[in-house]
$ cat query-v8.pdb   # PDB, C-alpha atoms
ATOM      1  CA  MET A1340      -7.458 -45.935 -44.509  1.00  0.00           C
ATOM      2  CA  ASP A1341      -8.399 -42.652 -46.194  1.00  0.00           C
ATOM      3  CA  ALA A1342     -11.996 -43.859 -46.389  1.00  0.00           C
ATOM      4  CA  ALA A1343     -12.081 -44.035 -42.575  1.00  0.00           C
ATOM      5  CA  LEU A1344     -10.611 -40.536 -42.343  1.00  0.00           C
ATOM      6  CA  ASP A1345     -13.152 -39.272 -44.879  1.00  0.00           C
ATOM      7  CA  LYS A1346     -15.898 -40.588 -42.602  1.00  0.00           C
ATOM      8  CA  LEU A1347     -14.540 -38.465 -39.736  1.00  0.00           C
ATOM      9  CA  ALA A1348     -14.526 -35.441 -42.024  1.00  0.00           C
ATOM     10  CA  GLU A1349     -18.281 -35.703 -42.610  1.00  0.00           C
ATOM     11  CA  ALA A1350     -18.794 -34.026 -39.216  1.00  0.00           C
ATOM     12  CA  ASP A1351     -20.502 -30.657 -39.370  1.00  0.00           C
ATOM     13  CA  GLU A1352     -20.476 -29.785 -35.687  1.00  0.00           C
ATOM     14  CA  ASN A1353     -17.642 -29.240 -33.201  1.00  0.00           C
ATOM     15  CA  CYS A1354     -18.670 -29.787 -29.571  1.00  0.00           C
ATOM     16  CA  VAL A1355     -16.950 -28.961 -26.267  1.00  0.00           C
ATOM     17  CA  LEU A1356     -18.384 -31.056 -23.462  1.00  0.00           C
ATOM     18  CA  SER A1357     -18.368 -31.662 -19.722  1.00  0.00           C
ATOM     19  CA  ALA A1358     -18.298 -35.444 -20.040  1.00  0.00           C
ATOM     20  CA  GLU A1359     -17.553 -38.115 -22.593  1.00  0.00           C
ATOM     21  CA  PRO A1360     -20.538 -38.429 -24.921  1.00  0.00           C
ATOM     22  CA  ALA A1361     -21.760 -41.880 -25.889  1.00  0.00           C
ATOM     23  CA  THR A1362     -24.279 -40.652 -28.439  1.00  0.00           C
ATOM     24  CA  TYR A1363     -24.897 -37.755 -30.806  1.00  0.00           C
ATOM     25  CA  TYR A1364     -27.620 -36.441 -28.486  1.00  0.00           C
ATOM     26  CA  GLU A1365     -25.211 -36.173 -25.551  1.00  0.00           C
ATOM     27  CA  ALA A1366     -22.880 -33.970 -27.593  1.00  0.00           C
ATOM     28  CA  VAL A1367     -24.826 -31.527 -29.697  1.00  0.00           C
ATOM     29  CA  ASP A1368     -26.564 -28.194 -29.202  1.00  0.00           C
ATOM     30  CA  PRO A1369     -29.640 -28.433 -31.429  1.00  0.00           C
ATOM     31  CA  ALA A1370     -31.851 -25.490 -32.370  1.00  0.00           C
ATOM     32  CA  ALA A1371     -34.626 -24.497 -29.998  1.00  0.00           C
ATOM     33  CA  TRP A1372     -38.033 -26.154 -30.379  1.00  0.00           C
ATOM     34  CA  LEU A1373     -40.410 -24.483 -32.852  1.00  0.00           C
ATOM     35  CA  ALA A1374     -44.208 -24.513 -32.905  1.00  0.00           C
ATOM     36  CA  THR A1375     -46.173 -26.157 -35.741  1.00  0.00           C
ATOM     37  CA  THR A1376     -43.034 -27.456 -37.424  1.00  0.00           C
ATOM     38  CA  ASN A1377     -42.595 -30.684 -39.341  1.00  0.00           C
ATOM     39  CA  TYR A1378     -39.841 -32.676 -37.635  1.00  0.00           C
ATOM     40  CA  ALA A1379     -38.406 -35.985 -38.857  1.00  0.00           C
ATOM     41  CA  LEU A1380     -37.540 -39.098 -36.881  1.00  0.00           C
ATOM     42  CA  GLY A1381     -34.168 -38.616 -35.211  1.00  0.00           C
ATOM     43  CA  ASP A1382     -34.354 -34.830 -35.208  1.00  0.00           C
ATOM     44  CA  ALA A1383     -33.146 -33.149 -32.032  1.00  0.00           C
ATOM     45  CA  VAL A1384     -34.384 -30.002 -30.323  1.00  0.00           C
ATOM     46  CA  ARG A1385     -33.725 -28.225 -27.074  1.00  0.00           C
ATOM     47  CA  PRO A1386     -36.334 -26.355 -25.015  1.00  0.00           C
ATOM     48  CA  VAL A1387     -36.684 -22.641 -25.725  1.00  0.00           C
ATOM     49  CA  ALA A1388     -35.381 -22.122 -22.170  1.00  0.00           C
ATOM     50  CA  ARG A1389     -32.457 -24.519 -21.809  1.00  0.00           C
ATOM     51  CA  ASN A1390     -32.906 -27.172 -19.141  1.00  0.00           C
ATOM     52  CA  GLY A1391     -29.786 -29.302 -19.600  1.00  0.00           C
ATOM     53  CA  TYR A1392     -31.443 -31.924 -21.825  1.00  0.00           C
ATOM     54  CA  VAL A1393     -32.140 -32.389 -25.511  1.00  0.00           C
ATOM     55  CA  TYR A1394     -35.043 -34.268 -27.084  1.00  0.00           C
ATOM     56  CA  GLU A1395     -35.022 -36.803 -29.901  1.00  0.00           C
ATOM     57  CA  ALA A1396     -38.047 -37.250 -32.165  1.00  0.00           C
ATOM     58  CA  THR A1397     -38.818 -40.942 -31.690  1.00  0.00           C
ATOM     59  CA  ALA A1398     -42.298 -41.003 -33.263  1.00  0.00           C
ATOM     60  CA  ASP A1399     -43.395 -38.813 -36.128  1.00  0.00           C
ATOM     61  CA  ALA A1400     -47.029 -38.578 -37.185  1.00  0.00           C
ATOM     62  CA  GLY A1401     -47.231 -34.911 -38.090  1.00  0.00           C
ATOM     63  CA  SER A1402     -45.964 -31.599 -36.792  1.00  0.00           C
ATOM     64  CA  SER A1403     -45.227 -30.065 -33.411  1.00  0.00           C
ATOM     65  CA  ALA A1404     -48.085 -28.424 -31.535  1.00  0.00           C
ATOM     66  CA  ALA A1405     -48.782 -24.694 -31.261  1.00  0.00           C
ATOM     67  CA  ALA A1406     -47.609 -24.567 -27.644  1.00  0.00           C
ATOM     68  CA  GLU A1407     -44.319 -25.860 -26.257  1.00  0.00           C
ATOM     69  CA  PRO A1408     -44.759 -29.080 -24.245  1.00  0.00           C
ATOM     70  CA  THR A1409     -43.723 -29.522 -20.638  1.00  0.00           C
ATOM     71  CA  TRP A1410     -40.375 -31.200 -21.127  1.00  0.00           C
ATOM     72  CA  PRO A1411     -39.545 -34.234 -18.979  1.00  0.00           C
ATOM     73  CA  THR A1412     -36.166 -34.087 -17.258  1.00  0.00           C
ATOM     74  CA  VAL A1413     -35.461 -37.774 -16.833  1.00  0.00           C
ATOM     75  CA  ALA A1414     -33.556 -39.444 -19.660  1.00  0.00           C
ATOM     76  CA  GLY A1415     -35.774 -41.885 -21.536  1.00  0.00           C
ATOM     77  CA  GLN A1416     -39.066 -40.251 -20.600  1.00  0.00           C
ATOM     78  CA  THR A1417     -41.282 -39.105 -23.461  1.00  0.00           C
ATOM     79  CA  VAL A1418     -43.684 -36.258 -24.128  1.00  0.00           C
ATOM     80  CA  ALA A1419     -46.314 -35.903 -26.847  1.00  0.00           C
ATOM     81  CA  ASP A1420     -46.172 -32.709 -28.914  1.00  0.00           C
ATOM     82  CA  GLY A1421     -48.826 -32.605 -31.614  1.00  0.00           C
ATOM     83  CA  GLY A1422     -47.864 -35.450 -33.924  1.00  0.00           C
ATOM     84  CA  ILE A1423     -44.349 -35.748 -32.528  1.00  0.00           C
ATOM     85  CA  THR A1424     -43.172 -37.815 -29.585  1.00  0.00           C
ATOM     86  CA  TRP A1425     -39.992 -36.498 -28.013  1.00  0.00           C
ATOM     87  CA  THR A1426     -37.713 -38.660 -25.870  1.00  0.00           C
ATOM     88  CA  CYS A1427     -35.515 -36.969 -23.268  1.00  0.00           C
ATOM     89  CA  ARG A1428     -31.762 -37.450 -23.774  1.00  0.00           C
ATOM     90  CA  ASN A1429     -28.860 -36.461 -21.540  1.00  0.00           C
ATOM     91  CA  ASN A1430     -26.717 -33.651 -22.901  1.00  0.00           C
ATOM     92  CA  TYR A1431     -23.234 -32.564 -21.800  1.00  0.00           C
ATOM     93  CA  ALA A1432     -22.594 -29.781 -24.331  1.00  0.00           C
ATOM     94  CA  LEU A1433     -21.045 -26.516 -23.169  1.00  0.00           C
ATOM     95  CA  ALA A1434     -20.065 -24.897 -26.482  1.00  0.00           C
ATOM     96  CA  ASN A1435     -20.633 -25.763 -30.120  1.00  0.00           C
ATOM     97  CA  GLY A1436     -19.670 -24.481 -33.542  1.00  0.00           C
ATOM     98  CA  ALA A1437     -20.180 -25.372 -37.173  1.00  0.00           C
ATOM     99  CA  LEU A1438     -17.680 -27.300 -39.282  1.00  0.00           C
ATOM    100  CA  ALA A1439     -17.270 -27.555 -43.034  1.00  0.00           C
ATOM    101  CA  GLY A1440     -15.430 -30.022 -45.221  1.00  0.00           C
ATOM    102  CA  GLY A1441     -12.590 -27.552 -45.646  1.00  0.00           C
ATOM    103  CA  ASP A1442     -11.866 -27.726 -41.921  1.00  0.00           C
ATOM    104  CA  PHE A1443     -10.367 -31.214 -42.374  1.00  0.00           C
ATOM    105  CA  THR A1444      -6.993 -31.885 -43.992  1.00  0.00           C
ATOM    106  CA  LYS A1445      -5.570 -35.330 -44.734  1.00  0.00           C
ATOM    107  CA  ALA A1446      -1.854 -36.068 -44.674  1.00  0.00           C
ATOM    108  CA  ASN A1447       0.607 -38.804 -43.845  1.00  0.00           C
ATOM    109  CA  GLY A1448       0.642 -39.730 -40.153  1.00  0.00           C
ATOM    110  CA  ASP A1449       3.320 -38.413 -37.813  1.00  0.00           C
ATOM    111  CA  THR A1450       4.296 -41.956 -36.830  1.00  0.00           C
ATOM    112  CA  SER A1451       2.878 -44.018 -39.688  1.00  0.00           C
ATOM    113  CA  GLY A1452      -0.300 -44.397 -41.696  1.00  0.00           C
ATOM    114  CA  ARG A1453      -2.485 -41.380 -42.347  1.00  0.00           C
ATOM    115  CA  LYS A1454      -4.122 -38.630 -40.335  1.00  0.00           C
ATOM    116  CA  THR A1455      -6.798 -35.995 -40.634  1.00  0.00           C
ATOM    117  CA  THR A1456      -6.329 -32.630 -38.955  1.00  0.00           C
ATOM    118  CA  LEU A1457      -9.267 -30.565 -37.784  1.00  0.00           C
ATOM    119  CA  ALA A1458      -8.379 -26.889 -38.125  1.00  0.00           C
ATOM    120  CA  ALA A1459      -8.199 -24.571 -35.124  1.00  0.00           C
ATOM    121  CA  LYS A1460     -11.509 -22.921 -34.319  1.00  0.00           C
ATOM    122  CA  SER A1461     -12.049 -19.717 -32.401  1.00  0.00           C
ATOM    123  CA  GLY A1462     -15.039 -18.010 -30.892  1.00  0.00           C
ATOM    124  CA  LEU A1463     -17.159 -21.078 -30.140  1.00  0.00           C
ATOM    125  CA  ALA A1464     -20.035 -19.663 -28.108  1.00  0.00           C
ATOM    126  CA  ILE A1465     -20.289 -21.044 -24.574  1.00  0.00           C
ATOM    127  CA  HIS A1466     -24.017 -21.584 -24.020  1.00  0.00           C
ATOM    128  CA  THR A1467     -23.831 -23.546 -20.760  1.00  0.00           C
ATOM    129  CA  THR A1468     -21.497 -23.123 -17.807  1.00  0.00           C
ATOM    130  CA  GLY A1469     -19.423 -26.161 -16.916  1.00  0.00           C
ATOM    131  CA  THR A1470     -16.052 -27.841 -16.840  1.00  0.00           C
ATOM    132  CA  ALA A1471     -14.781 -28.859 -20.279  1.00  0.00           C
ATOM    133  CA  THR A1472     -13.170 -32.302 -20.384  1.00  0.00           C
ATOM    134  CA  HIS A1473     -13.978 -33.635 -23.849  1.00  0.00           C
ATOM    135  CA  VAL A1474     -14.243 -32.489 -27.450  1.00  0.00           C
ATOM    136  CA  ALA A1475     -16.335 -34.273 -30.052  1.00  0.00           C
ATOM    137  CA  THR A1476     -17.389 -33.900 -33.641  1.00  0.00           C
ATOM    138  CA  ALA A1477     -20.824 -34.910 -34.839  1.00  0.00           C
ATOM    139  CA  ASP A1478     -22.811 -35.196 -38.037  1.00  0.00           C
ATOM    140  CA  ALA A1479     -26.251 -33.604 -37.766  1.00  0.00           C
ATOM    141  CA  ALA A1480     -27.426 -35.147 -41.035  1.00  0.00           C
ATOM    142  CA  THR A1481     -26.962 -38.713 -39.787  1.00  0.00           C
ATOM    143  CA  SER A1482     -27.256 -38.029 -36.028  1.00  0.00           C
ATOM    144  CA  GLU A1483     -23.916 -39.761 -35.494  1.00  0.00           C
ATOM    145  CA  LEU A1484     -20.932 -38.985 -33.347  1.00  0.00           C
ATOM    146  CA  ARG A1485     -17.852 -38.904 -35.562  1.00  0.00           C
ATOM    147  CA  ASP A1486     -14.966 -38.474 -33.131  1.00  0.00           C
ATOM    148  CA  VAL A1487     -14.315 -37.935 -29.423  1.00  0.00           C
ATOM    149  CA  THR A1488     -11.173 -36.922 -27.601  1.00  0.00           C
ATOM    150  CA  THR A1489     -10.136 -35.353 -24.308  1.00  0.00           C
ATOM    151  CA  CYS A1490      -9.026 -31.828 -23.508  1.00  0.00           C
ATOM    152  CA  THR A1491      -7.455 -30.004 -20.610  1.00  0.00           C
ATOM    153  CA  SER A1492      -9.969 -29.580 -17.817  1.00  0.00           C
ATOM    154  CA  GLN A1493     -11.103 -25.973 -18.074  1.00  0.00           C
ATOM    155  CA  LEU A1494     -13.897 -23.925 -16.539  1.00  0.00           C
ATOM    156  CA  LEU A1495     -16.170 -22.401 -19.199  1.00  0.00           C
ATOM    157  CA  THR A1496     -18.628 -19.671 -18.227  1.00  0.00           C
ATOM    158  CA  SER A1497     -21.714 -19.116 -20.364  1.00  0.00           C
ATOM    159  CA  GLY A1498     -21.651 -15.898 -22.337  1.00  0.00           C
ATOM    160  CA  GLY A1499     -17.951 -16.307 -23.155  1.00  0.00           C
ATOM    161  CA  THR A1500     -16.235 -18.034 -26.040  1.00  0.00           C
ATOM    162  CA  VAL A1501     -13.743 -20.862 -26.368  1.00  0.00           C
ATOM    163  CA  ASP A1502     -10.901 -21.409 -28.818  1.00  0.00           C
ATOM    164  CA  THR A1503      -9.751 -24.887 -29.820  1.00  0.00           C
ATOM    165  CA  PRO A1504      -6.398 -25.596 -31.490  1.00  0.00           C
ATOM    166  CA  ALA A1505      -5.949 -27.841 -34.501  1.00  0.00           C
ATOM    167  CA  TRP A1506      -5.979 -31.507 -33.540  1.00  0.00           C
ATOM    168  CA  ASP A1507      -5.243 -34.768 -35.316  1.00  0.00           C
ATOM    169  CA  HIS A1508      -6.779 -38.195 -35.616  1.00  0.00           C
ATOM    170  CA  GLU A1509      -4.079 -40.555 -36.824  1.00  0.00           C
ATOM    171  CA  ILE A1510      -4.617 -44.117 -37.987  1.00  0.00           C
ATOM    172  CA  GLY A1511      -1.314 -45.943 -37.906  1.00  0.00           C
ATOM    173  CA  ASP A1512      -0.186 -48.732 -40.187  1.00  0.00           C
ATOM    174  CA  ALA A1513      -0.728 -52.275 -39.009  1.00  0.00           C
ATOM    175  CA  ALA A1514       2.170 -53.418 -36.817  1.00  0.00           C
TER     176      ALA A1514
ATOM    177  CA  MET B 454     -15.059 -30.756   1.759  1.00  0.00           C
ATOM    178  CA  ARG B 455     -17.093 -27.573   1.443  1.00  0.00           C
ATOM    179  CA  GLN B 456     -20.727 -26.904   0.650  1.00  0.00           C
ATOM    180  CA  VAL B 457     -21.551 -24.281  -1.989  1.00  0.00           C
ATOM    181  CA  GLU B 458     -24.765 -22.884  -3.418  1.00  0.00           C
ATOM    182  CA  VAL B 459     -24.960 -22.652  -7.197  1.00  0.00           C
ATOM    183  CA  THR B 460     -25.516 -19.109  -8.511  1.00  0.00           C
ATOM    184  CA  GLU B 461     -25.380 -19.966 -12.224  1.00  0.00           C
ATOM    185  CA  ASP B 462     -28.651 -20.772 -13.998  1.00  0.00           C
ATOM    186  CA  GLN B 463     -27.162 -24.137 -14.963  1.00  0.00           C
ATOM    187  CA  ILE B 464     -23.842 -25.952 -14.558  1.00  0.00           C
ATOM    188  CA  ASN B 465     -22.887 -29.116 -16.447  1.00  0.00           C
ATOM    189  CA  ASP B 466     -20.518 -30.906 -14.106  1.00  0.00           C
ATOM    190  CA  GLY B 467     -19.441 -34.168 -15.669  1.00  0.00           C
ATOM    191  CA  GLN B 468     -22.665 -36.065 -16.264  1.00  0.00           C
ATOM    192  CA  ASN B 469     -24.553 -34.038 -13.653  1.00  0.00           C
ATOM    193  CA  THR B 470     -26.617 -30.922 -14.249  1.00  0.00           C
ATOM    194  CA  LEU B 471     -26.977 -28.437 -11.406  1.00  0.00           C
ATOM    195  CA  TYR B 472     -29.324 -25.490 -11.263  1.00  0.00           C
ATOM    196  CA  LYS B 473     -29.375 -22.132  -9.495  1.00  0.00           C
ATOM    197  CA  GLY B 474     -30.005 -22.612  -5.786  1.00  0.00           C
ATOM    198  CA  ASP B 475     -28.774 -26.209  -5.674  1.00  0.00           C
ATOM    199  CA  ARG B 476     -26.460 -26.890  -2.740  1.00  0.00           C
ATOM    200  CA  VAL B 477     -23.654 -29.362  -3.328  1.00  0.00           C
ATOM    201  CA  THR B 478     -20.642 -30.482  -1.330  1.00  0.00           C
ATOM    202  CA  LEU B 479     -17.401 -30.303  -3.276  1.00  0.00           C
ATOM    203  CA  SER B 480     -13.723 -30.793  -2.574  1.00  0.00           C
ATOM    204  CA  ASP B 481     -12.120 -27.694  -1.071  1.00  0.00           C
ATOM    205  CA  GLU B 482     -10.197 -27.096  -4.310  1.00  0.00           C
ATOM    206  CA  LYS B 483     -13.218 -27.408  -6.567  1.00  0.00           C
ATOM    207  CA  ALA B 484     -15.393 -25.294  -4.270  1.00  0.00           C
ATOM    208  CA  ALA B 485     -12.762 -22.555  -4.301  1.00  0.00           C
ATOM    209  CA  GLN B 486     -12.625 -22.682  -8.119  1.00  0.00           C
ATOM    210  CA  TRP B 487     -16.395 -22.409  -8.448  1.00  0.00           C
ATOM    211  CA  ILE B 488     -16.574 -19.490  -6.013  1.00  0.00           C
ATOM    212  CA  ALA B 489     -13.636 -17.734  -7.706  1.00  0.00           C
ATOM    213  CA  ALA B 490     -15.298 -18.179 -11.114  1.00  0.00           C
ATOM    214  CA  GLY B 491     -18.558 -16.720  -9.844  1.00  0.00           C
ATOM    215  CA  TRP B 492     -20.437 -19.979 -10.299  1.00  0.00           C
ATOM    216  CA  ALA B 493     -21.369 -20.466  -6.658  1.00  0.00           C
ATOM    217  CA  LYS B 494     -21.318 -18.854  -3.234  1.00  0.00           C
ATOM    218  CA  ASP B 495     -20.490 -20.100   0.218  1.00  0.00           C
ATOM    219  CA  PRO B 496     -23.860 -20.181   2.010  1.00  0.00           C
ATOM    220  CA  LYS B 497     -22.183 -19.968   5.430  1.00  0.00           C
ATOM    221  CA  THR B 498     -19.815 -17.036   4.856  1.00  0.00           C
ATOM    222  CA  GLY B 499     -21.598 -15.408   1.914  1.00  0.00           C
ATOM    223  CA  GLU B 500     -18.328 -15.399  -0.062  1.00  0.00           C
ATOM    224  CA  GLN B 501     -19.182 -14.737  -3.702  1.00  0.00           C
ATOM    225  CA  ASN B 502     -17.478 -13.307  -6.765  1.00  0.00           C
ATOM    226  CA  GLU B 503     -18.590 -11.818 -10.060  1.00  0.00           C
ATOM    227  CA  ARG B 504     -18.884 -14.325 -12.894  1.00  0.00           C
ATOM    228  CA  LYS B 505     -16.202 -13.907 -15.551  1.00  0.00           C
ATOM    229  CA  PRO B 506     -17.304 -14.862 -19.066  1.00  0.00           C
ATOM    230  CA  GLY B 507     -14.452 -14.314 -21.507  1.00  0.00           C
ATOM    231  CA  VAL B 508     -12.271 -15.997 -24.064  1.00  0.00           C
ATOM    232  CA  VAL B 509     -10.940 -19.386 -22.963  1.00  0.00           C
ATOM    233  CA  LYS B 510      -8.366 -21.477 -24.794  1.00  0.00           C
ATOM    234  CA  ILE B 511      -8.346 -25.224 -24.316  1.00  0.00           C
ATOM    235  CA  GLN B 512      -5.791 -27.814 -25.318  1.00  0.00           C
ATOM    236  CA  VAL B 513      -7.171 -30.763 -27.242  1.00  0.00           C
ATOM    237  CA  ASP B 514      -5.510 -34.185 -27.166  1.00  0.00           C
ATOM    238  CA  ASN B 515      -4.717 -35.798 -30.499  1.00  0.00           C
ATOM    239  CA  VAL B 516      -6.169 -39.225 -31.240  1.00  0.00           C
ATOM    240  CA  ALA B 517      -3.784 -42.023 -32.224  1.00  0.00           C
ATOM    241  CA  GLN B 518      -5.455 -45.194 -33.423  1.00  0.00           C
ATOM    242  CA  ASN B 519      -3.662 -48.424 -34.248  1.00  0.00           C
ATOM    243  CA  THR B 520      -4.811 -51.021 -36.716  1.00  0.00           C
ATOM    244  CA  LYS B 521      -4.317 -54.747 -36.264  1.00  0.00           C
ATOM    245  CA  SER B 522      -2.353 -56.693 -38.793  1.00  0.00           C
TER     246      SER B 522
END
$ encode --input "query-v8.pdb" --output "structure tokens"
Amino acid sequence: MDAALDKLAEADENCVLSAEPATYYEAVDPAAWLATTNYALGDAVRPVARNGYVYEATADAGSSAAAEPTWPTVAGQTVADGGITWTCRNNYALANGALAGGDFTKANGDTSGRKTTLAAKSGLAIHTTGTATHVATADAATSELRDVTTCTSQLLTSGGTVDTPAWDHEIGDAA
Amino acid sequence: MRQVEVTEDQINDGQNTLYKGDRVTLSDEKAAQWIAAGWAKDPKTGEQNERKPGVVKIQVDNVAQNTKS
């Protein structure tokens, strides 16, 4: 059971979202695209001027071009960028912050089994206006979602910050 | 229902992304919230408020997962 909780604790990003994410790319706020940069398959970028989408490197035969491409805004569409092909992905992120291993604490479950608690976080920068309904954690190294839960519906206005309380993921004993 | 015009550069609303100038029809309650928050204006009356970025606290729901025997 602790092995499953350890997997959750590999997350390095805390995401506040407007909708339930099904994939890593729907949850994260990657760094802005850079010119003449060597990207790897699976890497994610956002346009220099945010457009509500992120882009996954789905073909890698070199580096990005000197000039930013014209980004498609239909999920699944692709654009060539030097040696990179980017595929458009939906993105519901409103605010994001970094996590470290020390942010997770394991303990016995409140009901049974075991739990991991993600520490309270404050000052997550709101980069996109929207209504928060979900919180997720993600692992940038593996491009995987680690955990998703719901939150109180709350209006977030870009330029502000959001605080999240500590929350638990408990895995109960078999009944 | 009430139509509003988005005044934010971008709004993520569920799985939809809206941009400045988009006109959408919302429930009366939601339209009032967006206008009060400074996210949108009423194109008929011109009602509009200043946007209010600040510190927001949210409540996060714990996850309880059961295992099968």
$ residues_around --input "query-v8.pdb" --residues "range 1435-1440 of chain A" --least-positions-apart "5" --cutoff "8 Å" --atoms "only C-alpha atoms" --output "ChimeraX atom specification"
/A:1348-1355,1367-1368,1463-1465
$ atom_distance --input "query-v8.pdb" --atom1 "CA of Ile1423 in chain A" --atom2 "CA of Thr1409 in chain A"
13.4 Å
$ residues_around --input "query-v8.pdb" --residues "Gly1415 in chain A" --least-positions-apart "4" --cutoff "7 Å" --atoms "only C-alpha atoms" --output "PyMOL selection string"
chain A and resi 1426-1428
$ axis_aligned_box --input "query-v8.pdb" --around "range 1439-1455 of chain A" --padding-each-side "4 Å" --output "JSON"
{"center_x": -6.5, "center_y": -36.0, "center_z": -41.2, "size_x": 29.6, "size_y": 24.8, "size_z": 16.8}
$ interface_residues --input "query-v8.pdb" --of "chain A" --to "chain B" --cutoff "7 Å" --atoms "only C-alpha atoms" --output "VMD selection string"
chain A and resid 1357 to 1358 1391 1431 1467 to 1470 1488 to 1491 1493 1496 to 1504 1506 to 1514
